[in-house]
file data.pdb (PDB, C-alpha atoms)
ATOM      1  CA  MET A   1      72.668 110.281  57.976
ATOM      2  CA  ASN A   2      70.933 107.257  59.473
ATOM      3  CA  ILE A   3      72.479 104.719  61.803
ATOM      4  CA  HIS A   4      71.159 101.194  62.415
ATOM      5  CA  GLU A   5      70.446 100.409  66.038
ATOM      6  CA  ASP A   6      71.711  96.814  65.772
ATOM      7  CA  GLU A   7      74.731  97.659  63.565
ATOM      8  CA  PRO A   8      76.212 101.010  64.622
ATOM      9  CA  PHE A   9      78.874 101.288  61.913
ATOM     10  CA  ASN A  10      78.968 100.082  58.343
ATOM     11  CA  TRP A  11      82.660  99.145  58.264
ATOM     12  CA  MET A  12      82.611  97.795  54.699
ATOM     13  CA  ALA A  13      81.194 101.061  53.336
ATOM     14  CA  GLY A  14      83.789 103.034  55.298
ATOM     15  CA  ALA A  15      86.655 100.918  53.968
ATOM     16  CA  LEU A  16      85.383 101.169  50.389
ATOM     17  CA  GLY A  17      84.983 104.936  50.818
ATOM     18  CA  TRP A  18      88.637 105.238  51.796
ATOM     19  CA  LEU A  19      89.804 102.999  48.936
ATOM     20  CA  LEU A  20      87.975 105.129  46.366
ATOM     21  CA  PRO A  21      86.115 108.288  47.425
ATOM     22  CA  GLY A  22      82.340 107.812  47.065
ATOM     23  CA  LEU A  23      82.543 104.030  46.576
ATOM     24  CA  GLY A  24      81.090 103.439  50.047
ATOM     25  CA  GLN A  25      77.960 105.413  49.201
ATOM     26  CA  ILE A  26      77.666 103.643  45.815
ATOM     27  CA  TRP A  27      77.955 100.260  47.571
ATOM     28  CA  LEU A  28      75.099 101.313  49.860
ATOM     29  CA  GLY A  29      72.942 102.074  46.811
ATOM     30  CA  HIS A  30      73.313 105.886  46.840
ATOM     31  CA  LYS A  31      74.728 105.983  43.321
ATOM     32  CA  LYS A  32      74.180 109.674  42.493
ATOM     33  CA  ARG A  33      75.560 110.738  45.853
ATOM     34  CA  GLY A  34      78.608 108.495  45.450
ATOM     35  CA  VAL A  35      79.345 109.722  41.945
ATOM     36  CA  ALA A  36      79.058 113.364  43.072
ATOM     37  CA  ILE A  37      81.426 112.687  45.986
ATOM     38  CA  MET A  38      83.848 110.859  43.704
ATOM     39  CA  GLY A  39      83.821 113.775  41.279
ATOM     40  CA  GLY A  40      84.335 116.332  44.044
ATOM     41  CA  VAL A  41      87.159 114.609  45.941
ATOM     42  CA  LEU A  42      89.032 113.270  42.900
ATOM     43  CA  SER A  43      88.827 116.557  41.010
ATOM     44  CA  LEU A  44      90.229 118.347  44.079
ATOM     45  CA  PHE A  45      93.049 115.816  44.462
ATOM     46  CA  LEU A  46      93.947 115.518  40.776
ATOM     47  CA  GLY A  47      93.559 119.293  40.387
ATOM     48  CA  GLY A  48      96.111 119.680  43.177
ATOM     49  CA  VAL A  49      98.555 117.323  41.469
ATOM     50  CA  LEU A  50      98.009 119.141  38.162
ATOM     51  CA  LEU A  51      98.681 122.519  39.807
ATOM     52  CA  GLY A  52     101.631 121.540  41.983
ATOM     53  CA  GLY A  53     103.079 118.498  40.239
ATOM     54  CA  VAL A  54     103.567 115.120  41.925
ATOM     55  CA  ASP A  55     105.967 116.793  44.338
ATOM     56  CA  CYS A  56     103.010 118.314  46.221
ATOM     57  CA  VAL A  57     102.420 114.871  47.804
ATOM     58  CA  ASP A  58     105.592 114.055  49.702
ATOM     59  CA  ARG A  59     105.572 111.669  52.662
ATOM     60  CA  THR A  60     109.160 112.352  53.699
ATOM     61  CA  GLU A  61     109.503 116.131  53.364
ATOM     62  CA  ASP A  62     105.912 117.273  54.028
ATOM     63  CA  ARG A  63     104.873 114.693  56.605
ATOM     64  CA  LEU A  64     102.126 116.713  58.290
ATOM     65  CA  TRP A  65     100.560 117.641  54.954
ATOM     66  CA  PHE A  66     100.694 113.989  53.968
ATOM     67  CA  VAL A  67      98.694 113.006  57.068
ATOM     68  CA  ALA A  68      95.815 115.086  55.682
ATOM     69  CA  GLN A  69      96.405 113.982  52.066
ATOM     70  CA  ALA A  70      96.352 110.287  53.036
ATOM     71  CA  GLY A  71      92.654 110.683  53.843
ATOM     72  CA  ALA A  72      92.006 110.612  50.079
ATOM     73  CA  GLY A  73      93.014 106.937  50.060
ATOM     74  CA  PRO A  74      95.498 104.869  48.048
ATOM     75  CA  ILE A  75      95.702 107.574  45.373
ATOM     76  CA  ALA A  76      97.768 109.687  47.813
ATOM     77  CA  PHE A  77     100.189 106.807  48.389
ATOM     78  CA  ILE A  78     100.429 106.163  44.626
ATOM     79  CA  VAL A  79     101.289 109.818  43.931
ATOM     80  CA  ASP A  80     103.825 109.809  46.775
ATOM     81  CA  TRP A  81     105.400 106.615  45.393
ATOM     82  CA  THR A  82     105.541 108.198  41.912
ATOM     83  CA  ASN A  83     107.176 111.262  43.431
ATOM     84  CA  GLY A  84     109.804 109.176  45.226
ATOM     85  CA  ARG A  85     110.413 106.854  42.299
ATOM     86  CA  PHE A  86     110.802 109.455  39.571
ATOM     87  CA  VAL A  87     111.299 112.945  41.042
ATOM     88  CA  ARG A  88     113.059 112.588  44.424
ATOM     89  CA  SER A  89     115.375 109.907  43.056
ATOM     90  CA  GLY A  90     116.311 112.097  40.104
ATOM     91  CA  GLU A  91     115.344 109.476  37.532
ATOM     92  CA  LEU A  92     113.451 112.176  35.637
ATOM     93  CA  GLY A  93     115.191 115.490  35.041
ATOM     94  CA  GLU A  94     118.634 116.149  36.426
ATOM     95  CA  MET A  95     119.904 116.554  39.970
ATOM     96  CA  VAL A  96     120.869 120.169  40.612
ATOM     97  CA  ALA A  97     122.598 121.841  43.554
ATOM     98  CA  THR A  98     120.308 123.485  46.092
ATOM     99  CA  PRO A  99     120.636 127.232  46.694
ATOM    100  CA  PRO A 100     122.258 128.440  49.933
ATOM    101  CA  SER A 101     119.877 128.201  52.879
ATOM    102  CA  SER A 102     119.827 128.497  56.672
ATOM    103  CA  VAL A 103     118.206 125.048  56.848
ATOM    104  CA  ARG A 104     120.709 122.444  58.047
ATOM    105  CA  ARG A 105     121.279 119.735  55.459
ATOM    106  CA  GLU A 106     124.037 117.496  54.239
ATOM    107  CA  ALA A 107     126.891 118.986  52.243
ATOM    108  CA  ASP A 108     126.428 118.936  48.466
ATOM    109  CA  ALA A 109     122.646 118.373  48.768
ATOM    110  CA  ARG A 110     121.028 118.038  45.356
ATOM    111  CA  VAL A 111     117.404 117.966  44.234
ATOM    112  CA  SER A 112     115.663 117.009  40.997
ATOM    113  CA  SER A 113     115.105 119.778  38.478
ATOM    114  CA  PHE A 114     111.405 118.742  38.590
ATOM    115  CA  LYS A 115     111.089 119.572  42.289
ATOM    116  CA  GLY A 116     108.190 121.952  42.822
ATOM    117  CA  PHE A 117     108.650 125.338  44.464
ATOM    118  CA  GLY A 118     106.584 128.456  44.857
ATOM    119  CA  ILE A 119     102.900 129.308  45.029
ATOM    120  CA  PRO A 120     101.545 126.675  42.546
ATOM    121  CA  ASN A 121     103.246 123.914  44.542
ATOM    122  CA  GLU A 122     101.847 125.285  47.822
ATOM    123  CA  ILE A 123      98.336 125.591  46.404
ATOM    124  CA  GLY A 124      98.564 122.084  44.935
ATOM    125  CA  THR A 125      99.572 120.768  48.369
ATOM    126  CA  LEU A 126      96.573 122.570  49.886
ATOM    127  CA  TYR A 127      94.168 121.144  47.256
ATOM    128  CA  CYS A 128      95.367 117.572  47.946
ATOM    129  CA  ALA A 129      95.208 118.050  51.720
ATOM    130  CA  LEU A 130      91.652 119.413  51.554
ATOM    131  CA  ALA A 131      90.648 116.509  49.270
ATOM    132  CA  GLY A 132      91.973 114.128  51.933
ATOM    133  CA  LEU A 133      90.164 115.908  54.759
ATOM    134  CA  MET A 134      86.892 116.006  52.797
ATOM    135  CA  ASN A 135      87.218 112.275  52.177
ATOM    136  CA  VAL A 136      87.491 111.728  55.930
ATOM    137  CA  VAL A 137      84.071 113.404  56.212
ATOM    138  CA  VAL A 138      82.814 111.180  53.377
ATOM    139  CA  VAL A 139      84.115 108.007  55.085
ATOM    140  CA  LEU A 140      82.456 109.013  58.371
ATOM    141  CA  ASP A 141      79.205 109.545  56.440
ATOM    142  CA  ALA A 142      79.514 106.114  54.790
ATOM    143  CA  LEU A 143      80.166 104.486  58.189
ATOM    144  CA  GLY A 144      76.840 105.709  59.519
ATOM    145  CA  ARG A 145      74.654 105.651  56.418
ATOM    146  CA  CYS A 146      71.905 103.056  55.832
ATOM    147  CA  ARG A 147      71.476 101.070  52.649
ATOM    148  CA  LEU A 148      69.055 102.835  50.293
ATOM    149  CA  GLN A 149      66.525  99.968  50.513
ATOM    150  CA  ASP A 150      66.616 100.126  54.349
ATOM    151  CA  GLU A 151      65.900 103.863  54.210
ATOM    152  CA  ALA A 152      62.935 103.206  51.898
ATOM    153  CA  GLU A 153      61.582 100.550  54.290
ATOM    154  CA  ARG A 154      61.863 102.925  57.240
ATOM    155  CA  ALA A 155      60.119 105.704  55.311
ATOM    156  CA  ALA A 156      57.228 103.392  54.372
ATOM    157  CA  PRO A 157      54.229 103.574  56.769
TER     158      PRO A 157
ATOM    159  CA  MET B   1     107.048 129.092  29.249
ATOM    160  CA  ILE B   2     103.808 127.148  28.942
ATOM    161  CA  VAL B   3     105.265 125.047  26.095
ATOM    162  CA  ALA B   4     107.899 123.605  28.407
ATOM    163  CA  TRP B   5     105.417 122.680  31.121
ATOM    164  CA  VAL B   6     105.049 118.938  31.798
ATOM    165  CA  PRO B   7     101.559 118.394  33.346
ATOM    166  CA  PHE B   8     101.438 116.450  36.632
ATOM    167  CA  LEU B   9     105.228 116.503  36.858
ATOM    168  CA  GLU B  10     105.966 120.197  37.152
ATOM    169  CA  PRO B  11     103.996 122.932  38.933
ATOM    170  CA  ILE B  12     101.759 124.888  36.572
ATOM    171  CA  PRO B  13     103.434 128.112  35.382
ATOM    172  CA  LEU B  14     101.359 130.965  36.815
ATOM    173  CA  HIS B  15     102.117 134.506  35.730
ATOM    174  CA  GLY B  16     100.688 137.897  36.580
ATOM    175  CA  GLY B  17      99.644 137.307  40.181
ATOM    176  CA  VAL B  18      96.469 135.389  39.335
ATOM    177  CA  TRP B  19      97.142 132.574  41.808
ATOM    178  CA  TRP B  20      94.348 133.782  44.118
ATOM    179  CA  LEU B  21      91.771 132.894  41.416
ATOM    180  CA  LEU B  22      92.508 129.237  42.210
ATOM    181  CA  ILE B  23      90.382 129.701  45.332
ATOM    182  CA  VAL B  24      87.270 129.466  43.091
ATOM    183  CA  PRO B  25      87.675 125.811  41.948
ATOM    184  CA  LEU B  26      88.930 124.909  45.427
ATOM    185  CA  VAL B  27      85.793 126.291  47.086
ATOM    186  CA  TYR B  28      83.535 124.718  44.442
ATOM    187  CA  GLY B  29      85.153 121.287  44.893
ATOM    188  CA  ILE B  30      84.717 121.455  48.666
ATOM    189  CA  CYS B  31      81.091 122.599  48.332
ATOM    190  CA  VAL B  32      80.236 119.805  45.859
ATOM    191  CA  THR B  33      81.639 117.180  48.239
ATOM    192  CA  TYR B  34      80.040 118.714  51.329
ATOM    193  CA  LYS B  35      76.609 119.059  49.732
ATOM    194  CA  ALA B  36      76.793 115.528  48.289
ATOM    195  CA  VAL B  37      77.170 114.302  51.871
ATOM    196  CA  ARG B  38      74.681 116.626  53.532
ATOM    197  CA  CYS B  39      71.790 116.913  51.021
ATOM    198  CA  GLU B  40      68.752 114.864  52.030
ATOM    199  CA  SER B  41      67.753 114.528  48.372
ATOM    200  CA  MET B  42      70.025 114.753  45.347
ATOM    201  CA  SER B  43      67.387 116.492  43.231
ATOM    202  CA  GLY B  44      68.549 120.061  43.944
ATOM    203  CA  PHE B  45      72.171 119.143  44.518
ATOM    204  CA  CYS B  46      73.762 121.178  41.693
ATOM    205  CA  LYS B  47      71.867 124.329  42.637
ATOM    206  CA  GLN B  48      72.617 123.921  46.334
ATOM    207  CA  SER B  49      76.338 123.316  45.864
ATOM    208  CA  ALA B  50      76.649 126.287  43.480
ATOM    209  CA  GLY B  51      74.723 128.444  45.964
ATOM    210  CA  MET B  52      76.965 127.424  48.842
ATOM    211  CA  ALA B  53      80.098 128.104  46.781
ATOM    212  CA  MET B  54      78.729 131.537  45.876
ATOM    213  CA  HIS B  55      78.035 132.316  49.540
ATOM    214  CA  VAL B  56      81.539 131.280  50.616
ATOM    215  CA  LEU B  57      83.150 133.334  47.837
ATOM    216  CA  LEU B  58      81.011 136.379  48.641
ATOM    217  CA  VAL B  59      81.934 136.175  52.332
ATOM    218  CA  MET B  60      85.620 135.885  51.395
ATOM    219  CA  ALA B  61      85.312 138.899  49.078
ATOM    220  CA  GLY B  62      83.586 140.824  51.892
ATOM    221  CA  LEU B  63      86.409 139.952  54.307
ATOM    222  CA  TRP B  64      88.970 141.058  51.708
ATOM    223  CA  LEU B  65      87.150 144.378  51.304
ATOM    224  CA  ALA B  66      86.838 144.911  55.061
ATOM    225  CA  LEU B  67      90.539 144.191  55.609
ATOM    226  CA  GLN B  68      91.495 146.507  52.735
ATOM    227  CA  LEU B  69      89.469 149.322  54.325
ATOM    228  CA  LEU B  70      90.978 148.594  57.725
ATOM    229  CA  VAL B  71      94.577 148.529  56.536
ATOM    230  CA  ARG B  72      94.382 151.380  54.017
ATOM    231  CA  PHE B  73      92.096 153.846  55.789
ATOM    232  CA  VAL B  74      91.522 153.012  59.456
ATOM    233  CA  VAL B  75      95.024 151.975  60.556
ATOM    234  CA  PRO B  76      96.723 155.133  59.097
ATOM    235  CA  LEU B  77      94.369 157.266  61.230
ATOM    236  CA  LEU B  78      95.561 155.649  64.463
TER     237      LEU B  78
END
call {"tool": "encode", "arguments": {"input": "data.pdb", "output": "structure tokens"}}
result
Amino acid sequence: MNIHEDEPFNWMAGALGWLLPGLGQIWLGHKKRGVAIMGGVLSLFLGGVLLGGVDCVDRTEDRLWFVAQAGAGPIAFIVDWTNGRFVRSGELGEMVATPPSSVRREADARVSSFKGFGIPNEIGTLYCALAGLMNVVVVLDALGRCRLQDEAERAAP
Amino acid sequence: MIVAWVPFLEPIPLHGGVWWLLIVPLVYGICVTYKAVRCESMSGFCKQSAGMAMHVLLVMAGLWLALQLLVRFVVPLL
């Protein structure tokens, strides 16, 4: 990682990196690096959604997990919106009664039949959270990385 | 049943206690991203990320083995 002395942070690259993982590096001219990052973070995130269903990204019920997942960028908010729009609302599937539990909740609470439970849902949540946290590392890297042509100029004698 | 599974909407149906195998793609995905950030040159990137993933998995397997020995053999002796 190289940081300019006159321009400590590359804000544009950081913002692009959050919008789409790896885009900040691509914008700086590090195309192979950006594509590898994009592949890594997006495959982790989409792999998590594939494993756990869209319910593994849930801003209202799994707020702390969502803080980590939001690091992956708008894709986390899109999946959460999809979850709220189609699964939590019961538009897809049918609303079924919840089993008895010690957790306090309103009487006659119902959830969608597509709501995710069990180990696959937990692992999917973990995949998405780790994708978000890795993208935070990627954004920090993009903030401090030089343009490829600047690096070449510095390396030249 | 796998036929009834709706991808991206429902959790994947896992049977037979194989869920722990999902640690392999998870570790590989993290290693690819980490090495893409940390490698000075992208020429040996694939080899380096695979090597790092292998190291992490071997250490995890070693910890599993050590804990198995501890719980099954050492703790009963106490």
call {"tool": "interface_residues", "arguments": {"input": "data.pdb", "of": "chain B", "to": "chain A", "cutoff": "12 Å", "atoms": "only C-alpha atoms", "output": "PyMOL selection string"}}
result
chain B and resi 4-15+17-46+49
call {"tool": "atom_distance", "arguments": {"input": "data.pdb", "atom1": "CA of Lys47 in chain B", "atom2": "CA of Ala61 in chain B"}}
result
20.8 Å
call {"tool": "atom_distance", "arguments": {"input": "data.pdb", "atom1": "CA of Lys31 in chain A", "atom2": "CA of Val136 in chain A"}}
result
18.8 Å
call {"tool": "atom_distance", "arguments": {"input": "data.pdb", "atom1": "CA of Gly93 in chain A", "atom2": "CA of Ala109 in chain A"}}
result
15.9 Å
call {"tool": "residues_near_point", "arguments": {"input": "data.pdb", "point": "(84.6, 100.5, 54.1)", "cutoff": "12 Å", "atoms": "all atoms listed in the file", "output": "ChimeraX atom specification"}}
result
/A:9-28,73,136,138-145
call {"tool": "closest_residue", "arguments": {"input": "data.pdb", "among": "A:Val96, A:Thr125, A:Glu91, A:Pro8", "to": "Arg59 in chain A", "atoms": "all atoms listed in the file"}}
result
A:Thr125
call {"tool": "build_atoms", "arguments": {"input": "data.pdb", "residues": "range 134-147 of chain A", "atoms": "N, CA and C atoms", "output": "mmCIF file, in the coordinates of the input"}}
result
data_model
loop_
_atom_site.group_PDB
_atom_site.id
_atom_site.type_symbol
_atom_site.label_atom_id
_atom_site.label_comp_id
_atom_site.auth_asym_id
_atom_site.auth_seq_id
_atom_site.Cartn_x
_atom_site.Cartn_y
_atom_site.Cartn_z
ATOM 1 N N MET A 134 88.300 116.168 53.200
ATOM 2 C CA MET A 134 86.892 116.006 52.797
ATOM 3 C C MET A 134 86.541 114.528 52.698
ATOM 4 N N ASN A 135 87.509 113.708 52.278
ATOM 5 C CA ASN A 135 87.218 112.275 52.177
ATOM 6 C C ASN A 135 87.070 111.635 53.553
ATOM 7 N N VAL A 136 87.713 112.216 54.560
ATOM 8 C CA VAL A 136 87.491 111.728 55.930
ATOM 9 C C VAL A 136 86.023 111.952 56.313
ATOM 10 N N VAL A 137 85.495 113.115 55.954
ATOM 11 C CA VAL A 137 84.071 113.404 56.212
ATOM 12 C C VAL A 137 83.197 112.405 55.462
ATOM 13 N N VAL A 138 83.575 112.116 54.213
ATOM 14 C CA VAL A 138 82.814 111.180 53.377
ATOM 15 C C VAL A 138 82.834 109.769 53.982
ATOM 16 N N VAL A 139 84.009 109.343 54.477
ATOM 17 C CA VAL A 139 84.115 108.007 55.085
ATOM 18 C C VAL A 139 83.261 107.939 56.350
ATOM 19 N N LEU A 140 83.286 108.994 57.159
ATOM 20 C CA LEU A 140 82.456 109.013 58.371
ATOM 21 C C LEU A 140 80.968 108.936 58.008
ATOM 22 N N ASP A 141 80.591 109.616 56.912
ATOM 23 C CA ASP A 141 79.205 109.545 56.440
ATOM 24 C C ASP A 141 78.847 108.128 56.003
ATOM 25 N N ALA A 142 79.771 107.478 55.269
ATOM 26 C CA ALA A 142 79.514 106.114 54.790
ATOM 27 C C ALA A 142 79.410 105.135 55.959
ATOM 28 N N LEU A 143 80.203 105.369 57.013
ATOM 29 C CA LEU A 143 80.166 104.486 58.189
ATOM 30 C C LEU A 143 78.780 104.467 58.836
ATOM 31 N N GLY A 144 78.114 105.621 58.815
ATOM 32 C CA GLY A 144 76.840 105.709 59.519
ATOM 33 C C GLY A 144 75.621 105.718 58.632
ATOM 34 N N ARG A 145 75.795 105.553 57.337
ATOM 35 C CA ARG A 145 74.654 105.651 56.418
ATOM 36 C C ARG A 145 74.000 104.286 56.195
ATOM 37 N N CYS A 146 72.659 104.293 56.100
ATOM 38 C CA CYS A 146 71.905 103.056 55.832
ATOM 39 C C CYS A 146 71.958 102.723 54.352
ATOM 40 N N ARG A 147 71.693 101.440 54.049
ATOM 41 C CA ARG A 147 71.476 101.070 52.649
ATOM 42 C C ARG A 147 70.224 101.782 52.157
#
